[in-house]
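Chemist: The structure follows.
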Amino acid sequence: MCKFFSALTSRDGQIIYADHELRKAEGFDGHCDSHSWLASHFSVQEDKLNKYEYNFMTDILTEDSIVFEEDKEVVKRLLAELLPKVCPELIVKPVFNPLNAKPVKLTKDRRKKIRDILKRRLGIGDQVRDQIGDQVRDQVGDQVWDQVWDQVGDQVGDQVWAQVGDQVRDQVGDQVWDQVWDQVWAYFSTFFRIKLSIDVSAGIELWEMGLIPTSADGGKTWQIRAGKKMETLIEFTRDEIEKA
């Protein structure tokens with residue numbers, strides 16, 4: 001099956017694709033990125049057109065079927081420029097990996113700032129994934145979701161979890177797994193211009209500082225993990241957090 005974002009090009013320079021309004025009208029169904037469906041919908045001869053797939057997140061152009069020569073770099077640039085018309089909600093930017101963050105200098109003020117952010121993060125409970133999942137998918141569809149998740153979740157998220165898992169291997173249960181992936185999903189939401197029904201800004205701040213909060217004792221104590229091995233940088237008790 002063709003992937004987001006698919007397009008056809010003609011010898012006279014025409015680009016045939018499904019824009020945001022058409023995708024919305026079609027219920028954000030994956031068929032909007034089928035070359036055959038595009039040819040049928042726009043009443044053009046598929047076998048006389050070049051077929052491409054372009055990944056906005058990686059800037060990679062894939063040739064599906066080529067029937068005439070054209071400058072692929074020009075095609076890639078033109079397809080990249082279509083993003084606002086194809087998916088205005090999508091924000092294309094480099095993916096930040098907390099494992100590569102600069103070391104945090106733990107001053108008194110920085111400690112207080114981290115504690116205050118953590119308090120805000122814990123205040124939203126465990127709704128992060130359900131809320132983000134429902135709202136993002138409803139507005140951009142599975143195809144766009146998959147392209148972003150491949151870069152944020154399947155690559156960076158898996159790397160972060162692997163390091164946290166190594167540090168707490170004997171204690172790891174569903175609670176720690178959930179905590180790490182709540183952070184991944186909060187950061188994932190920054191790739192979309194979508195207003196969420198919950199405030200995940202605290203989780204985003206921690207991620208972009210290179211910090212991952214975990215608790216293996218039901219929330220009595222929280223470890224703030226950082227660095228390439230996600231070792232404990234600082235620890236707070238629940239009482240310390242609540243008094244912040």
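Residue numbering restarts at 1 in every chain; chains get A, B, ... in the order shown in the structure tokens, and ligands count up from 1 in that same order.
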May I have the residues within 12 Å of segment 42-52 of chain A as JSON, numbers by chain, using only C-alpha atoms and disregarding those fewer than 4 positions away in the same chain?
Modeler: {"A": [2, 3, 4, 5, 6, 7, 8, 9, 10, 11, 12, 13, 14, 15, 16, 17, 18, 22, 32, 33, 34, 35, 36, 37, 38, 60, 61, 62, 63, 64, 65, 66, 67, 68, 69, 70, 71, 72, 75, 76, 78, 79]}
Chemist: Which residues come within 6 Å of Lys85 of chain A, counting only C-alpha atoms, excluding same-chain residues fewer than 3 positions away, as a PyMOL selection string?
Modeler: chain A and resi 19-20+82
Chemist: Compile the contact shell of Ile117 of chain A as a ChimeraX atom specification: residues with an atom at most 10 Å away, counting only C-alpha atoms, same-chain residues fewer than 4 positions apart removed.
Modeler: /A:112-113,121-123,201-206,241,244
Chemist: Would you pick out the contacts of Asp154 of chain A at 12 Å or less, using only C-alpha atoms, so that residues sharing its chain but fewer than 3 positions from it are not included, and give the list as JSON, numbers by chain?
Modeler: {"A": [95, 145, 146, 147, 148, 149, 150, 151, 157, 158, 159, 160, 161, 162, 181, 184, 185, 188]}
Chemist: One decimal, in Å: what's the spacing between atom CA of Val156 of chain A and atom CA of Ala216 of chain A?
Modeler: 22.2 Å
Chemist: Taking only C-alpha atoms into account, which of A:Glu242, A:Lys102, A:Lys24, A:Glu208 comes nearest Lys220 of chain A?
Modeler: A:Glu242
Chemist: Based on the backbone DSSP call, show me all residues of segment 35-233 of chain A assigned strand (DSSP E), as a ChimeraX atom specification.
Modeler: /A:50-55,60-65,212-214,221-226,231-233
Chemist: DSSP on the backbone: what in segment 80-203 of chain A comes out helix (DSSP H, G or I), as a ChimeraX atom specification?
Modeler: /A:80,83-86,98-100,108-122,128-167,174-191,201-203
Chemist: Quick one: residues within 10 Å of Thr237 of chain A, only C-alpha atoms, excluding same-chain residues fewer than 5 positions away - as a list in words?
Modeler: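 My list of contacting residues is Ser215, Gly219, Lys220, Thr221, Trp222, Gln223 and Glu242 of chain A.
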Chemist: Expressed in Å to a single decimal, how great is the separation between atom CA of Glu81 of chain A and atom CA of Gly153 of chain A?
Modeler: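 Spanning atom CA of Glu81 of chain A to atom CA of Gly153 of chain A is a straight-line distance of 25.4 Å.
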Chemist: Please identify every residue of segment 49-165 of chain A that has at least one atom no farther than 10 Å from an atom of segment 193-199 of chain A, counting only C-alpha atoms, and for each give the shortest atom pair and the distance in Å to one decimal, arranged by chain then increasing number, as CSV.
Modeler:
residue,atom,partner,partner_atom,distance
A:Cys87,CA,A:Arg193,CA,10.0
A:Pro88,CA,A:Arg193,CA,7.7
A:Glu89,CA,A:Arg193,CA,4.6
A:Leu90,CA,A:Arg193,CA,6.4
A:Ile91,CA,A:Arg193,CA,7.0
A:Arg120,CA,A:Asp199,CA,9.0
A:Arg121,CA,A:Asp199,CA,8.7
A:Gly123,CA,A:Asp199,CA,9.5
A:Ile124,CA,A:Ile198,CA,7.3
A:Gln127,CA,A:Ile198,CA,8.3
A:Val128,CA,A:Ile198,CA,7.8
A:Gln131,CA,A:Ser197,CA,7.2
A:Ile132,CA,A:Leu196,CA,7.0
A:Asp134,CA,A:Leu196,CA,9.9
A:Gln135,CA,A:Leu196,CA,7.0
A:Val136,CA,A:Ile194,CA,7.1
A:Gln139,CA,A:Ile194,CA,8.0
A:Val140,CA,A:Ile194,CA,9.6
Chemist: Can you tell me which residues surround Arg111 of chain A at a distance of at most 12 Å, considering only C-alpha atoms, apart from same-chain residues fewer than 4 positions away, and format the answer as a PyMOL selection string?
Modeler: chain A and resi 104-107+115-118+224+233-236+240-241+244
Chemist: I need the chosen residues saved as a PDB file, in the first residue's frame, with N, CA and C atoms.
Modeler:
ATOM      1  N   VAL A 104      22.942  18.139  32.580  1.00  0.00           N
ATOM      2  CA  VAL A 104      22.240  19.146  33.376  1.00  0.00           C
ATOM      3  C   VAL A 104      23.079  19.534  34.589  1.00  0.00           C
ATOM      4  N   LYS A 105      23.361  20.844  34.746  1.00  0.00           N
ATOM      5  CA  LYS A 105      24.067  21.331  35.932  1.00  0.00           C
ATOM      6  C   LYS A 105      23.040  21.521  37.041  1.00  0.00           C
ATOM      7  N   LEU A 106      23.174  20.743  38.086  1.00  0.00           N
ATOM      8  CA  LEU A 106      22.142  20.689  39.119  1.00  0.00           C
ATOM      9  C   LEU A 106      22.362  21.762  40.190  1.00  0.00           C
ATOM     10  N   THR A 107      22.006  22.994  39.879  1.00  0.00           N
ATOM     11  CA  THR A 107      22.064  24.078  40.854  1.00  0.00           C
ATOM     12  C   THR A 107      20.806  24.026  41.724  1.00  0.00           C
ATOM     13  N   ARG A 115      11.625  20.189  40.052  1.00  0.00           N
ATOM     14  CA  ARG A 115      10.583  19.729  40.976  1.00  0.00           C
ATOM     15  C   ARG A 115       9.231  20.356  40.631  1.00  0.00           C
ATOM     16  N   ASP A 116       9.231  21.649  40.295  1.00  0.00           N
ATOM     17  CA  ASP A 116       7.983  22.339  39.954  1.00  0.00           C
ATOM     18  C   ASP A 116       7.373  21.791  38.661  1.00  0.00           C
ATOM     19  N   ILE A 117       8.217  21.517  37.685  1.00  0.00           N
ATOM     20  CA  ILE A 117       7.719  20.954  36.424  1.00  0.00           C
ATOM     21  C   ILE A 117       7.164  19.559  36.666  1.00  0.00           C
ATOM     22  N   LEU A 118       7.859  18.771  37.477  1.00  0.00           N
ATOM     23  CA  LEU A 118       7.406  17.423  37.781  1.00  0.00           C
ATOM     24  C   LEU A 118       6.042  17.454  38.459  1.00  0.00           C
ATOM     25  N   ILE A 224      14.514  11.342  38.583  1.00  0.00           N
ATOM     26  CA  ILE A 224      14.659  12.083  37.340  1.00  0.00           C
ATOM     27  C   ILE A 224      15.897  11.536  36.663  1.00  0.00           C
ATOM     28  N   LEU A 233      19.540  11.268  38.117  1.00  0.00           N
ATOM     29  CA  LEU A 233      20.188  12.559  38.342  1.00  0.00           C
ATOM     30  C   LEU A 233      19.781  13.130  39.691  1.00  0.00           C
ATOM     31  N   ILE A 234      18.522  12.960  40.014  1.00  0.00           N
ATOM     32  CA  ILE A 234      17.977  13.521  41.250  1.00  0.00           C
ATOM     33  C   ILE A 234      16.738  12.722  41.627  1.00  0.00           C
ATOM     34  N   GLU A 235      16.414  12.718  42.928  1.00  0.00           N
ATOM     35  CA  GLU A 235      15.239  11.981  43.392  1.00  0.00           C
ATOM     36  C   GLU A 235      14.412  12.865  44.302  1.00  0.00           C
ATOM     37  N   PHE A 236      13.101  12.768  44.157  1.00  0.00           N
ATOM     38  CA  PHE A 236      12.171  13.524  44.999  1.00  0.00           C
ATOM     39  C   PHE A 236      11.183  12.565  45.645  1.00  0.00           C
ATOM     40  N   GLU A 240       7.907  16.002  48.970  1.00  0.00           N
ATOM     41  CA  GLU A 240       8.681  17.132  48.433  1.00  0.00           C
ATOM     42  C   GLU A 240       7.980  17.736  47.215  1.00  0.00           C
ATOM     43  N   ILE A 241       7.442  16.879  46.359  1.00  0.00           N
ATOM     44  CA  ILE A 241       6.787  17.349  45.143  1.00  0.00           C
ATOM     45  C   ILE A 241       5.503  18.104  45.485  1.00  0.00           C
ATOM     46  N   ALA A 244       5.861  21.631  46.735  1.00  0.00           N
ATOM     47  CA  ALA A 244       6.523  22.586  45.808  1.00  0.00           C
ATOM     48  C   ALA A 244       5.610  23.766  45.519  1.00  0.00           C
TER      49      ALA A 244
END
